[in-house]
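Some notes on the structure that comes next.
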Amino acid sequence: MTLAEPYEVRRSARSADARLFSRWFDDIMGGKHVVVVVVSEVGPRRHWVITAYVVSKLGQGDVEWTRS
């Protein structure tokens, strides 16, 4: 659900080719963000899910897209 319908997409502060997809869930541990990290390769165009984690607050990184 986080990748299919994110609330926000940020560019990683650590890696230029990584994006952090995040979505808020009220029912996870009393309300948390689920963040999925995806690394993309330009040629050929490929994407990998590197990790996923749960946080209270979103960290650093420039916001590229926000759900309106």
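In the structure tokens, chains take the letters A, B, ... in the order shown, each chain's residues start at 1, and ligands count up from 1 in the order shown.
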
Quiz item: Contacts of Lys32 in chain A at 8 Å or less, counting only C-alpha atoms, minus same-chain residues fewer than 4 places along, as a list in words?
Solution: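 Counting only C-alpha atoms, the residues come to Trp24, Phe25, Asp26, Asp27, Ile28, Val54, Val55, Ser56 and Lys57 of chain A.
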
Please produce an output containing C-alpha atoms for each residue in the selection, written as a PDB file, in the first residue's frame.
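Below is the file that was written, result_34.pdb:
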ATOM      1  CA  TRP A  24       0.856   7.212   7.634  1.00  0.00           C
ATOM      2  CA  PHE A  25      -1.037   4.359   9.291  1.00  0.00           C
ATOM      3  CA  ASP A  26      -3.174   5.017  12.392  1.00  0.00           C
ATOM      4  CA  ASP A  27      -3.358   1.322  13.240  1.00  0.00           C
ATOM      5  CA  ILE A  28       0.398   0.582  13.362  1.00  0.00           C
ATOM      6  CA  VAL A  54       8.443   2.251  10.730  1.00  0.00           C
ATOM      7  CA  VAL A  55       9.057   5.722  12.223  1.00  0.00           C
ATOM      8  CA  SER A  56       7.230   8.354  14.271  1.00  0.00           C
ATOM      9  CA  LYS A  57       8.654  11.314  12.329  1.00  0.00           C
TER      10      LYS A  57
END

Exercise. With a distance cut-off of 8 Å and only C-alpha atoms, select the neighbouring residues of Arg10 in chain A, excluding the residue or stretch itself and same-chain residues fewer than 3 positions from it, and output the selection as a PyMOL selection string.
Key: chain A and resi 19-21+61-65

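Separating CA of Ser15 in chain A from CA of Met29 in chain A is a distance of 28.5 Å.
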
Practice problem: Please identify all polymer residues within 7 Å of Val38 in chain A, counting only C-alpha atoms, omitting same-chain residues fewer than 6 positions from it, and present them as a VMD selection string. | Solution: chain A and resid 18 to 20 47 to 50

Store the residues picked out above in a file with C-alpha atoms, as a PDB file, in the first residue's frame.
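As a result, out_12.pdb now contains:
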ATOM      1  CA  ALA A  18      17.165   6.405  -3.746  1.00  0.00           C
ATOM      2  CA  ARG A  19      13.616   7.553  -3.027  1.00  0.00           C
ATOM      3  CA  LEU A  20      11.711   7.193   0.241  1.00  0.00           C
ATOM      4  CA  HIS A  47      14.081  -0.414  -9.386  1.00  0.00           C
ATOM      5  CA  TRP A  48      14.823  -2.295  -6.162  1.00  0.00           C
ATOM      6  CA  VAL A  49      13.147  -2.155  -2.773  1.00  0.00           C
ATOM      7  CA  ILE A  50      16.119  -1.941  -0.422  1.00  0.00           C
TER       8      ILE A  50
END

Practice problem: Write out as a PyMOL selection string all residues of range 23-66 of chain A that DSSP puts in strand (DSSP E or B) for this structure's backbone. | Solution: chain A and resi 23-25+32-41+46-55+63-66

Practice problem: With a distance cut-off of 7 Å and only C-alpha atoms, select the neighbouring residues of Thr51 in chain A, excluding the residue or stretch itself and same-chain residues fewer than 2 positions from it, and output the selection as a list in words. | Solution: Val36, Val37, Val49 and Tyr53 of chain A

Selection export as a PDB file, in the first residue's frame, atoms kept: C-alpha atoms:
ATOM      1  CA  VAL A  36       9.880   2.056   1.852  1.00  0.00           C
ATOM      2  CA  VAL A  37      13.281   2.826   0.276  1.00  0.00           C
ATOM      3  CA  VAL A  49      13.147  -2.155  -2.773  1.00  0.00           C
ATOM      4  CA  TYR A  53      10.869   0.583   8.308  1.00  0.00           C
TER       5      TYR A  53
END

Exercise. Take CA of Tyr7 in chain A and CA of Leu58 in chain A and report the distance between them in Å, one decimal.
Key: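 Between CA of Tyr7 in chain A and CA of Leu58 in chain A the gap works out to 11.6 Å.
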